[in-house]
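Asks: You'll find work18.json just under this line, and it carries JSON, C-alpha atoms and all ligand atoms.
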```json
[["chain", "number", "residue", "atom", "x", "y", "z"],
["A", 1, "MET", "CA", -9.31, -38.30, 1.03],
["A", 2, "THR", "CA", -5.50, -38.51, 1.22],
["A", 3, "PHE", "CA", -3.45, -37.30, -1.72],
["A", 4, "THR", "CA", -1.59, -40.03, -3.63],
["A", 5, "PRO", "CA", 1.39, -38.74, -5.62],
["A", 6, "ILE", "CA", 2.12, -40.24, -9.04],
["A", 7, "ALA", "CA", 5.67, -40.93, -10.22],
["A", 8, "LEU", "CA", 6.82, -41.57, -13.79],
["A", 9, "VAL", "CA", 9.91, -43.80, -13.77],
["A", 10, "THR", "CA", 11.67, -44.53, -17.08],
["A", 11, "GLY", "CA", 13.33, -47.91, -17.60],
["A", 12, "ALA", "CA", 11.49, -49.57, -14.73],
["A", 13, "SER", "CA", 11.04, -53.04, -16.21],
["A", 14, "ARG", "CA", 14.31, -54.14, -14.57],
["A", 15, "GLY", "CA", 17.17, -53.03, -12.36],
["A", 16, "LEU", "CA", 17.27, -49.72, -10.54],
["A", 17, "GLY", "CA", 14.13, -48.32, -12.16],
["A", 18, "LYS", "CA", 12.08, -51.34, -11.12],
["A", 19, "ASN", "CA", 13.50, -51.21, -7.62],
["A", 20, "THR", "CA", 12.73, -47.48, -7.37],
["A", 21, "ALA", "CA", 9.16, -48.05, -8.56],
["A", 22, "LEU", "CA", 8.61, -50.73, -5.91],
["A", 23, "HIS", "CA", 10.11, -48.60, -3.12],
["A", 24, "LEU", "CA", 7.91, -45.69, -4.19],
["A", 25, "ALA", "CA", 4.83, -47.94, -4.16],
["A", 26, "ARG", "CA", 5.69, -49.11, -0.64],
["A", 27, "ARG", "CA", 5.84, -45.44, 0.37],
["A", 28, "GLY", "CA", 2.37, -44.78, -0.98],
["A", 29, "VAL", "CA", 3.18, -43.52, -4.49],
["A", 30, "ASP", "CA", 1.39, -44.66, -7.67],
["A", 31, "VAL", "CA", 3.63, -45.30, -10.68],
["A", 32, "ILE", "CA", 3.68, -44.86, -14.44],
["A", 33, "LEU", "CA", 6.61, -47.00, -15.51],
["A", 34, "THR", "CA", 8.23, -47.35, -18.90],
["A", 35, "TYR", "CA", 10.02, -50.20, -20.63],
["A", 36, "ARG", "CA", 11.77, -50.38, -23.98],
["A", 37, "SER", "CA", 11.56, -54.08, -24.89],
["A", 38, "GLY", "CA", 10.55, -55.92, -21.71],
["A", 39, "ALA", "CA", 6.75, -55.72, -21.95],
["A", 40, "ASP", "CA", 6.25, -58.89, -19.88],
["A", 41, "GLU", "CA", 8.72, -57.80, -17.22],
["A", 42, "ALA", "CA", 7.01, -54.39, -17.04],
["A", 43, "ALA", "CA", 3.60, -56.06, -16.70],
["A", 44, "ALA", "CA", 5.00, -58.13, -13.82],
["A", 45, "VAL", "CA", 6.19, -54.93, -12.09],
["A", 46, "VAL", "CA", 2.70, -53.46, -12.51],
["A", 47, "LYS", "CA", 1.26, -56.56, -10.80],
["A", 48, "GLU", "CA", 3.78, -56.27, -7.94],
["A", 49, "ILE", "CA", 2.84, -52.63, -7.41],
["A", 50, "GLU", "CA", -0.86, -53.46, -7.47],
["A", 51, "ALA", "CA", -0.23, -56.20, -4.89],
["A", 52, "LEU", "CA", 1.17, -53.43, -2.67],
["A", 53, "GLY", "CA", -2.17, -51.66, -2.96],
["A", 54, "ARG", "CA", -1.06, -48.97, -5.38],
["A", 55, "ARG", "CA", -2.00, -48.23, -8.99],
["A", 56, "ALA", "CA", 0.45, -48.58, -11.87],
["A", 57, "VAL", "CA", 0.55, -48.39, -15.66],
["A", 58, "ALA", "CA", 3.33, -49.57, -18.00],
["A", 59, "LEU", "CA", 4.04, -47.69, -21.25],
["A", 60, "GLN", "CA", 6.53, -48.46, -24.00],
["A", 61, "LEU", "CA", 9.22, -45.85, -24.57],
["A", 62, "ASP", "CA", 12.60, -45.74, -26.25],
["A", 63, "VAL", "CA", 14.30, -42.67, -24.83],
["A", 64, "SER", "CA", 16.72, -42.59, -27.78],
["A", 65, "VAL", "CA", 13.95, -41.79, -30.29],
["A", 66, "SER", "CA", 12.87, -38.25, -29.51],
["A", 67, "ALA", "CA", 10.49, -38.22, -32.49],
["A", 68, "THR", "CA", 8.20, -40.48, -30.45],
["A", 69, "PHE", "CA", 8.04, -38.19, -27.40],
["A", 70, "ASP", "CA", 4.91, -36.28, -28.48],
["A", 71, "GLY", "CA", 3.08, -39.60, -28.85],
["A", 72, "PHE", "CA", 4.40, -40.73, -25.47],
["A", 73, "VAL", "CA", 3.19, -37.52, -23.80],
["A", 74, "ALA", "CA", -0.25, -38.16, -25.31],
["A", 75, "GLU", "CA", -0.22, -41.70, -23.87],
["A", 76, "VAL", "CA", 0.76, -40.41, -20.43],
["A", 77, "THR", "CA", -2.01, -37.83, -20.62],
["A", 78, "GLN", "CA", -4.54, -40.53, -21.48],
["A", 79, "ALA", "CA", -3.31, -42.83, -18.69],
["A", 80, "LEU", "CA", -3.50, -40.01, -16.15],
["A", 81, "ALA", "CA", -7.08, -39.24, -17.14],
["A", 82, "ARG", "CA", -8.18, -42.88, -17.30],
["A", 83, "VAL", "CA", -6.58, -44.25, -14.14],
["A", 84, "TRP", "CA", -6.25, -41.21, -11.90],
["A", 85, "GLN", "CA", -8.68, -38.62, -13.29],
["A", 86, "ARG", "CA", -5.77, -36.17, -13.24],
["A", 87, "ASP", "CA", -3.95, -34.21, -15.94],
["A", 88, "ARG", "CA", -0.56, -34.03, -14.20],
["A", 89, "PHE", "CA", 1.83, -36.24, -12.27],
["A", 90, "ASP", "CA", 4.21, -35.37, -9.43],
["A", 91, "TYR", "CA", 7.63, -37.02, -9.77],
["A", 92, "LEU", "CA", 9.75, -37.77, -12.84],
["A", 93, "VAL", "CA", 12.68, -40.20, -12.49],
["A", 94, "ASN", "CA", 14.89, -40.19, -15.61],
["A", 95, "ASN", "CA", 16.49, -43.60, -15.04],
["A", 96, "ALA", "CA", 16.48, -45.52, -18.35],
["A", 97, "GLY", "CA", 19.94, -46.15, -19.65],
["A", 98, "ILE", "CA", 22.64, -48.43, -20.91],
["A", 99, "GLY", "CA", 26.41, -48.54, -20.57],
["A", 100, "ILE", "CA", 29.00, -49.17, -23.25],
["A", 101, "HIS", "CA", 32.48, -50.19, -22.13],
["A", 102, "ALA", "CA", 35.18, -48.99, -24.52],
["A", 103, "SER", "CA", 38.50, -47.27, -24.04],
["A", 104, "PHE", "CA", 38.71, -43.65, -25.18],
["A", 105, "ALA", "CA", 40.99, -44.70, -28.06],
["A", 106, "GLU", "CA", 38.56, -47.36, -29.29],
["A", 107, "THR", "CA", 35.19, -45.64, -28.78],
["A", 108, "THR", "CA", 33.40, -45.40, -32.12],
["A", 109, "GLU", "CA", 31.27, -42.52, -33.25],
["A", 110, "ALA", "CA", 28.29, -44.87, -33.36],
["A", 111, "GLN", "CA", 28.82, -45.84, -29.69],
["A", 112, "PHE", "CA", 29.16, -42.18, -28.76],
["A", 113, "ASP", "CA", 25.95, -41.27, -30.62],
["A", 114, "THR", "CA", 24.05, -44.15, -29.00],
["A", 115, "LEU", "CA", 25.10, -43.08, -25.52],
["A", 116, "MET", "CA", 24.36, -39.45, -26.29],
["A", 117, "ALA", "CA", 20.87, -40.29, -27.52],
["A", 118, "ILE", "CA", 19.99, -42.46, -24.51],
["A", 119, "GLN", "CA", 21.85, -40.81, -21.66],
["A", 120, "LEU", "CA", 21.66, -37.08, -22.44],
["A", 121, "LYS", "CA", 19.53, -36.04, -25.41],
["A", 122, "GLY", "CA", 16.74, -38.40, -24.34],
["A", 123, "PRO", "CA", 16.35, -37.11, -20.77],
["A", 124, "PHE", "CA", 16.82, -33.50, -22.00],
["A", 125, "PHE", "CA", 13.96, -33.52, -24.50],
["A", 126, "LEU", "CA", 11.76, -36.02, -22.69],
["A", 127, "THR", "CA", 11.81, -33.78, -19.63],
["A", 128, "GLN", "CA", 11.12, -30.75, -21.84],
["A", 129, "LYS", "CA", 8.11, -32.46, -23.44],
["A", 130, "LEU", "CA", 6.78, -33.74, -20.10],
["A", 131, "LEU", "CA", 7.14, -30.40, -18.31],
["A", 132, "PRO", "CA", 3.52, -29.32, -18.80],
["A", 133, "LEU", "CA", 2.47, -32.60, -17.17],
["A", 134, "VAL", "CA", 4.69, -32.22, -14.07],
["A", 135, "ASP", "CA", 2.66, -30.58, -11.34],
["A", 136, "ASP", "CA", 3.88, -27.36, -9.73],
["A", 137, "GLY", "CA", 5.73, -28.36, -6.57],
["A", 138, "GLY", "CA", 6.76, -31.62, -8.24],
["A", 139, "ARG", "CA", 10.15, -33.32, -8.28],
["A", 140, "ILE", "CA", 12.59, -34.54, -10.89],
["A", 141, "VAL", "CA", 15.41, -37.00, -10.19],
["A", 142, "ASN", "CA", 18.03, -37.69, -12.85],
["A", 143, "ILE", "CA", 20.43, -40.61, -12.65],
["A", 144, "SER", "CA", 24.17, -40.13, -13.07],
["A", 145, "THR", "CA", 27.02, -42.39, -11.93],
["A", 146, "GLY", "CA", 29.99, -42.39, -9.60],
["A", 147, "LEU", "CA", 32.03, -42.55, -12.82],
["A", 148, "ALA", "CA", 31.28, -38.87, -13.39],
["A", 149, "ARG", "CA", 33.35, -38.08, -10.24],
["A", 150, "PHE", "CA", 36.11, -40.69, -10.46],
["A", 151, "ALA", "CA", 37.63, -42.12, -13.64],
["A", 152, "LEU", "CA", 37.88, -45.81, -14.48],
["A", 153, "PRO", "CA", 39.32, -46.78, -17.88],
["A", 154, "GLY", "CA", 36.64, -47.73, -20.40],
["A", 155, "TYR", "CA", 33.91, -45.25, -19.54],
["A", 156, "ALA", "CA", 34.99, -41.98, -21.20],
["A", 157, "ALA", "CA", 31.90, -41.58, -23.40],
["A", 158, "TYR", "CA", 29.38, -42.95, -20.88],
["A", 159, "ALA", "CA", 30.71, -40.84, -18.02],
["A", 160, "SER", "CA", 30.88, -37.72, -20.20],
["A", 161, "MET", "CA", 27.13, -38.02, -20.90],
["A", 162, "LYS", "CA", 26.46, -38.54, -17.20],
["A", 163, "GLY", "CA", 28.55, -35.47, -16.44],
["A", 164, "GLY", "CA", 26.23, -33.65, -18.82],
["A", 165, "ILE", "CA", 23.15, -34.79, -16.92],
["A", 166, "GLU", "CA", 24.69, -33.45, -13.72],
["A", 167, "VAL", "CA", 25.10, -29.98, -15.27],
["A", 168, "LEU", "CA", 21.61, -30.19, -16.79],
["A", 169, "THR", "CA", 20.25, -30.97, -13.32],
["A", 170, "ARG", "CA", 21.50, -27.65, -11.96],
["A", 171, "TYR", "CA", 20.02, -25.73, -14.90],
["A", 172, "LEU", "CA", 16.68, -27.46, -14.49],
["A", 173, "ALA", "CA", 16.71, -26.72, -10.76],
["A", 174, "LYS", "CA", 17.30, -23.04, -11.53],
["A", 175, "GLU", "CA", 14.74, -22.71, -14.32],
["A", 176, "LEU", "CA", 12.00, -24.85, -12.74],
["A", 177, "GLY", "CA", 12.44, -23.44, -9.23],
["A", 178, "PRO", "CA", 9.83, -20.72, -9.85],
["A", 179, "ARG", "CA", 7.26, -23.52, -10.31],
["A", 180, "GLY", "CA", 8.36, -25.09, -7.03],
["A", 181, "ILE", "CA", 9.84, -28.08, -8.86],
["A", 182, "SER", "CA", 13.00, -29.48, -7.27],
["A", 183, "VAL", "CA", 15.55, -31.27, -9.44],
["A", 184, "ASN", "CA", 18.35, -33.47, -8.15],
["A", 185, "VAL", "CA", 20.71, -36.05, -9.58],
["A", 186, "VAL", "CA", 21.46, -39.36, -7.88],
["A", 187, "ALA", "CA", 24.83, -40.89, -8.73],
["A", 188, "PRO", "CA", 24.93, -44.61, -7.93],
["A", 189, "GLY", "CA", 28.20, -46.44, -7.47],
["A", 190, "ALA", "CA", 28.62, -49.88, -9.03],
["A", 191, "ILE", "CA", 25.39, -51.82, -8.46],
["A", 192, "GLU", "CA", 24.50, -55.45, -9.08],
["A", 193, "THR", "CA", 22.05, -55.26, -12.00],
["A", 194, "ASP", "CA", 21.99, -56.41, -15.67],
["A", 195, "PHE", "CA", 23.79, -53.15, -16.48],
["A", 196, "GLY", "CA", 26.94, -53.54, -18.62],
["A", 197, "GLY", "CA", 26.15, -57.21, -19.18],
["A", 198, "GLY", "CA", 25.77, -57.73, -15.42],
["A", 199, "VAL", "CA", 29.53, -57.34, -14.92],
["A", 200, "VAL", "CA", 29.38, -55.97, -11.37],
["A", 201, "ARG", "CA", 27.10, -58.84, -10.30],
["A", 202, "ASP", "CA", 28.57, -61.71, -12.33],
["A", 203, "ASN", "CA", 32.30, -61.00, -12.60],
["A", 204, "ALA", "CA", 33.82, -62.06, -9.25],
["A", 205, "GLN", "CA", 37.02, -60.13, -9.86],
["A", 206, "MET", "CA", 35.17, -56.89, -10.66],
["A", 207, "ASN", "CA", 32.86, -57.44, -7.70],
["A", 208, "ALA", "CA", 35.81, -57.89, -5.33],
["A", 209, "MET", "CA", 37.67, -54.88, -6.77],
["A", 210, "VAL", "CA", 34.67, -52.59, -6.25],
["A", 211, "ALA", "CA", 34.05, -53.94, -2.74],
["A", 212, "SER", "CA", 37.69, -53.34, -1.81],
["A", 213, "GLN", "CA", 37.42, -49.69, -2.94],
["A", 214, "THR", "CA", 34.12, -49.04, -1.16],
["A", 215, "ALA", "CA", 34.03, -47.66, 2.38],
["A", 216, "LEU", "CA", 31.08, -49.85, 3.36],
["A", 217, "GLY", "CA", 32.94, -52.91, 2.05],
["A", 218, "ARG", "CA", 30.67, -54.38, -0.64],
["A", 219, "VAL", "CA", 29.18, -53.53, -4.03],
["A", 220, "GLY", "CA", 25.79, -51.84, -4.20],
["A", 221, "LEU", "CA", 22.46, -53.64, -4.47],
["A", 222, "PRO", "CA", 19.34, -52.31, -6.23],
["A", 223, "ASP", "CA", 17.68, -51.76, -2.83],
["A", 224, "ASP", "CA", 20.49, -49.35, -1.92],
["A", 225, "ILE", "CA", 19.45, -47.09, -4.81],
["A", 226, "GLY", "CA", 15.66, -47.52, -5.00],
["A", 227, "GLY", "CA", 15.46, -46.82, -1.28],
["A", 228, "ALA", "CA", 17.51, -43.64, -1.58],
["A", 229, "ILE", "CA", 15.59, -42.29, -4.59],
["A", 230, "SER", "CA", 12.24, -42.96, -2.97],
["A", 231, "MET", "CA", 13.46, -41.22, 0.22],
["A", 232, "LEU", "CA", 14.52, -38.21, -1.82],
["A", 233, "LEU", "CA", 10.97, -38.00, -3.15],
["A", 234, "GLN", "CA", 9.42, -37.90, 0.32],
["A", 235, "PRO", "CA", 7.73, -34.65, 1.42],
["A", 236, "ASP", "CA", 10.36, -33.95, 4.12],
["A", 237, "ASN", "CA", 13.06, -33.63, 1.44],
["A", 238, "ARG", "CA", 11.33, -30.71, -0.29],
["A", 239, "TRP", "CA", 14.18, -28.21, 0.29],
["A", 240, "ILE", "CA", 16.91, -30.18, -1.52],
["A", 241, "THR", "CA", 17.38, -29.03, -5.11],
["A", 242, "GLY", "CA", 20.16, -28.74, -7.68],
["A", 243, "GLN", "CA", 22.22, -31.34, -5.80],
["A", 244, "ARG", "CA", 24.30, -34.31, -6.85],
["A", 245, "ILE", "CA", 23.76, -37.03, -4.29],
["A", 246, "GLU", "CA", 26.17, -39.93, -4.60],
["A", 247, "VAL", "CA", 24.78, -43.25, -3.41],
["A", 248, "SER", "CA", 27.80, -45.50, -3.62],
["A", 249, "GLY", "CA", 28.59, -46.75, -0.13],
["A", 250, "GLY", "CA", 31.64, -44.50, -0.32],
["A", 251, "MET", "CA", 33.25, -45.77, -3.51],
["A", 252, "PHE", "CA", 36.72, -44.33, -4.21],
["A", 253, "ILE", "CA", 36.62, -41.72, -1.47],
["A", 301, "LIG", "P1", 19.47, -52.32, -16.32],
["A", 301, "LIG", "O1", 19.27, -53.28, -15.19],
["A", 301, "LIG", "O2", 20.19, -52.77, -17.54],
["A", 301, "LIG", "O3", 18.01, -51.75, -16.72],
["A", 301, "LIG", "C1", 17.92, -50.80, -17.74],
["A", 301, "LIG", "C2", 16.49, -50.33, -17.89],
["A", 301, "LIG", "O4", 16.48, -49.26, -18.84],
["A", 301, "LIG", "C3", 15.55, -51.40, -18.42],
["A", 301, "LIG", "O5", 14.28, -51.19, -17.85],
["A", 301, "LIG", "C4", 15.52, -51.12, -19.93],
["A", 301, "LIG", "O6", 14.30, -51.47, -20.55],
["A", 301, "LIG", "C5", 15.65, -49.60, -19.95],
["A", 301, "LIG", "N1", 16.23, -49.09, -21.18],
["A", 301, "LIG", "C6", 17.43, -49.41, -21.74],
["A", 301, "LIG", "N2", 17.61, -48.72, -22.87],
["A", 301, "LIG", "C7", 16.50, -47.95, -23.04],
["A", 301, "LIG", "C8", 16.09, -47.01, -24.02],
["A", 301, "LIG", "N3", 16.84, -46.74, -25.11],
["A", 301, "LIG", "N4", 14.89, -46.41, -23.86],
["A", 301, "LIG", "C9", 14.14, -46.68, -22.80],
["A", 301, "LIG", "N5", 14.44, -47.56, -21.84],
["A", 301, "LIG", "C10", 15.63, -48.18, -21.97],
["A", 301, "LIG", "O7", 20.27, -51.02, -15.83],
["A", 301, "LIG", "P2", 20.32, -50.33, -14.39],
["A", 301, "LIG", "O8", 21.53, -50.78, -13.67],
["A", 301, "LIG", "O9", 18.99, -50.44, -13.72],
["A", 301, "LIG", "O10", 20.59, -48.81, -14.82],
["A", 301, "LIG", "C11", 19.62, -47.80, -14.66],
["A", 301, "LIG", "C12", 20.30, -46.45, -14.69],
["A", 301, "LIG", "O11", 21.28, -46.38, -13.65],
["A", 301, "LIG", "C13", 21.02, -46.12, -16.00],
["A", 301, "LIG", "O12", 20.83, -44.76, -16.32],
["A", 301, "LIG", "C14", 22.48, -46.36, -15.65],
["A", 301, "LIG", "O13", 23.33, -45.59, -16.45],
["A", 301, "LIG", "C15", 22.51, -45.94, -14.19],
["A", 301, "LIG", "N6", 23.59, -46.52, -13.37],
["A", 301, "LIG", "C16", 23.72, -47.84, -13.18],
["A", 301, "LIG", "C17", 24.74, -48.33, -12.37],
["A", 301, "LIG", "C18", 24.96, -49.79, -12.12],
["A", 301, "LIG", "O14", 26.06, -50.17, -11.68],
["A", 301, "LIG", "N7", 23.97, -50.65, -12.33],
["A", 301, "LIG", "C19", 25.64, -47.43, -11.76],
["A", 301, "LIG", "C20", 25.48, -46.07, -11.99],
["A", 301, "LIG", "C21", 24.45, -45.62, -12.77],
["A", 301, "LIG", "P3", 14.04, -52.91, -21.31],
["A", 301, "LIG", "O15", 14.68, -53.98, -20.48],
["A", 301, "LIG", "O16", 12.56, -52.99, -21.38],
["A", 301, "LIG", "O17", 14.67, -52.80, -22.65]]
```
Show me the file's structure as structure tokens.
Ligand code: NAP
Replies:
Amino acid sequence: MTFTPIALVTGASRGLGKNTALHLARRGVDVILTYRSGADEAAAVVKEIEALGRRAVALQLDVSVSATFDGFVAEVTQALARVWQRDRFDYLVNNAGIGIHASFAETTEAQFDTLMAIQLKGPFFLTQKLLPLVDDGGRIVNISTGLARFALPGYAAYASMKGGIEVLTRYLAKELGPRGISVNVVAPGAIETDFGGGVVRDNAQMNAMVASQTALGRVGLPDDIGGAISMLLQPDNRWITGQRIEVSGGMFI
């Protein structure tokens, strides 16, 4: 019997998480996906994955409410036992997230706290709680942003949290290395999703500006990111760890 890896992808009801889940399924990986509010959308992703011949389960999770993480871990444990007869999974993709556009001068404490809870504290403690369920030799991929390398006005708080996840990635790689777990961070450029109110996709001026500053001459599409993350999780990429991999088509280089 061939071994089928299981990936847990947060925020996979839409956008980059959904795209990653589908790419993984096409590459022979089963998926536990999470959604915050889009139960129907998540159920549709499960159906798409099943149509590809893979197994999938959708679980509700708000990564900003760490008090719920113990309950979530229990749900993952139950799903693993019920669907896969396993007690561990193989790949964790910390993708769920939102953006808030505000200048440094106008960023409120509430906006800062929201971004901190979703973009940094959430992945930190969710990963900590899920660690016993990640198999030795497993993989973790965190999601950052090109904005952690280059600065565009309006993203000081968001990009600061993403900078934090990049540092966290190196610490995780160091501390989880003895278990054979590799940890990397993928930094997408501007991608056409619902993110930030869909501004990159729907605002023609923004779209053209990004394209003009991108070596490959267009903005990114979800397939550009889901494909790259699923490649990173392939067996041949086992020796890459602690790395920031920018997937931006060469934005602002
Ligand atoms: P998206 O299309 O808006 O999708 C966001 C996903 O995250 C949805 O599945 C949503 O679930 C989930 N989510 C939002 N808040 C959540 C929370 N508090 N707890 C749990 N799940 C939550 O966004 P995206 O473009 O795919 O972004 C995914 C990741 O890529 C984010 O970390 C983002 O910062 C990063 N990123 C995006 C871009 C870009 O240009 N798109 C560029 C660089 C980095 P529901 O719909 O069910 O609520």
Asks: Produce as a PyMOL selection string the set of residues near ligand LIG 301 (chain A), where near means within 8 Å with all atoms listed in the file considered.
Replies: chain A and resi 10-18+34-39+41-42+60-65+94-99+117-119+143-147+158+162+187-198+200+220+222
Asks: By how many Å are atom CA of Asp224 of chain A and atom CA of His23 of chain A apart?
Replies: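 For atom CA of Asp224 of chain A relative to atom CA of His23 of chain A, the distance reads 10.5 Å.
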Asks: Residues near segment 102-111 of chain A, anyone? I mean within 9 Å using only C-alpha atoms, not counting same-chain ones fewer than 6 positions away, as a VMD selection string.
Replies: chain A and resid 153 to 157
Asks: Taking all atoms listed in the file into account, which of A:Ala215, A:Leu176, A:Leu8, A:Met116 comes nearest Asp90 of chain A?
Replies: A:Leu8
Asks: Identify, on the basis of only C-alpha atoms, every residue whose closest approach to Leu130 of chain A does not exceed 12 Å; exclude the query and any residue fewer than 6 positions from it along the same chain; express the result as a PyMOL selection string.
Replies: chain A and resi 8+69-77+87-94+122-124+140
Asks: Using only C-alpha atoms, please write the residues we just selected to a file, as a PDB file, keeping the file's coordinate frame.
Replies:
```
ATOM      1  CA  LEU A   8       6.820 -41.570 -13.790  1.00  0.00           C
ATOM      2  CA  PHE A  69       8.040 -38.190 -27.400  1.00  0.00           C
ATOM      3  CA  ASP A  70       4.910 -36.280 -28.480  1.00  0.00           C
ATOM      4  CA  GLY A  71       3.080 -39.600 -28.850  1.00  0.00           C
ATOM      5  CA  PHE A  72       4.400 -40.730 -25.470  1.00  0.00           C
ATOM      6  CA  VAL A  73       3.190 -37.520 -23.800  1.00  0.00           C
ATOM      7  CA  ALA A  74      -0.250 -38.160 -25.310  1.00  0.00           C
ATOM      8  CA  GLU A  75      -0.220 -41.700 -23.870  1.00  0.00           C
ATOM      9  CA  VAL A  76       0.760 -40.410 -20.430  1.00  0.00           C
ATOM     10  CA  THR A  77      -2.010 -37.830 -20.620  1.00  0.00           C
ATOM     11  CA  ASP A  87      -3.950 -34.210 -15.940  1.00  0.00           C
ATOM     12  CA  ARG A  88      -0.560 -34.030 -14.200  1.00  0.00           C
ATOM     13  CA  PHE A  89       1.830 -36.240 -12.270  1.00  0.00           C
ATOM     14  CA  ASP A  90       4.210 -35.370  -9.430  1.00  0.00           C
ATOM     15  CA  TYR A  91       7.630 -37.020  -9.770  1.00  0.00           C
ATOM     16  CA  LEU A  92       9.750 -37.770 -12.840  1.00  0.00           C
ATOM     17  CA  VAL A  93      12.680 -40.200 -12.490  1.00  0.00           C
ATOM     18  CA  ASN A  94      14.890 -40.190 -15.610  1.00  0.00           C
ATOM     19  CA  GLY A 122      16.740 -38.400 -24.340  1.00  0.00           C
ATOM     20  CA  PRO A 123      16.350 -37.110 -20.770  1.00  0.00           C
ATOM     21  CA  PHE A 124      16.820 -33.500 -22.000  1.00  0.00           C
ATOM     22  CA  ILE A 140      12.590 -34.540 -10.890  1.00  0.00           C
TER      23      ILE A 140
END
```
Asks: So how many Å separate atom CA of Ala228 of chain A and atom CA of Ile181 of chain A, to one decimal?
Replies: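 Taking atom CA of Ala228 of chain A and atom CA of Ile181 of chain A, their separation equals 18.8 Å.
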Asks: Which is closest to Trp239 of chain A among A:Thr114, A:Ser182, A:Thr68, A:Asn142, if we use all atoms listed in the file?
Replies: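 Looking only at the distances to Trp239 of chain A, the closest residue turns out to be A:Ser182.
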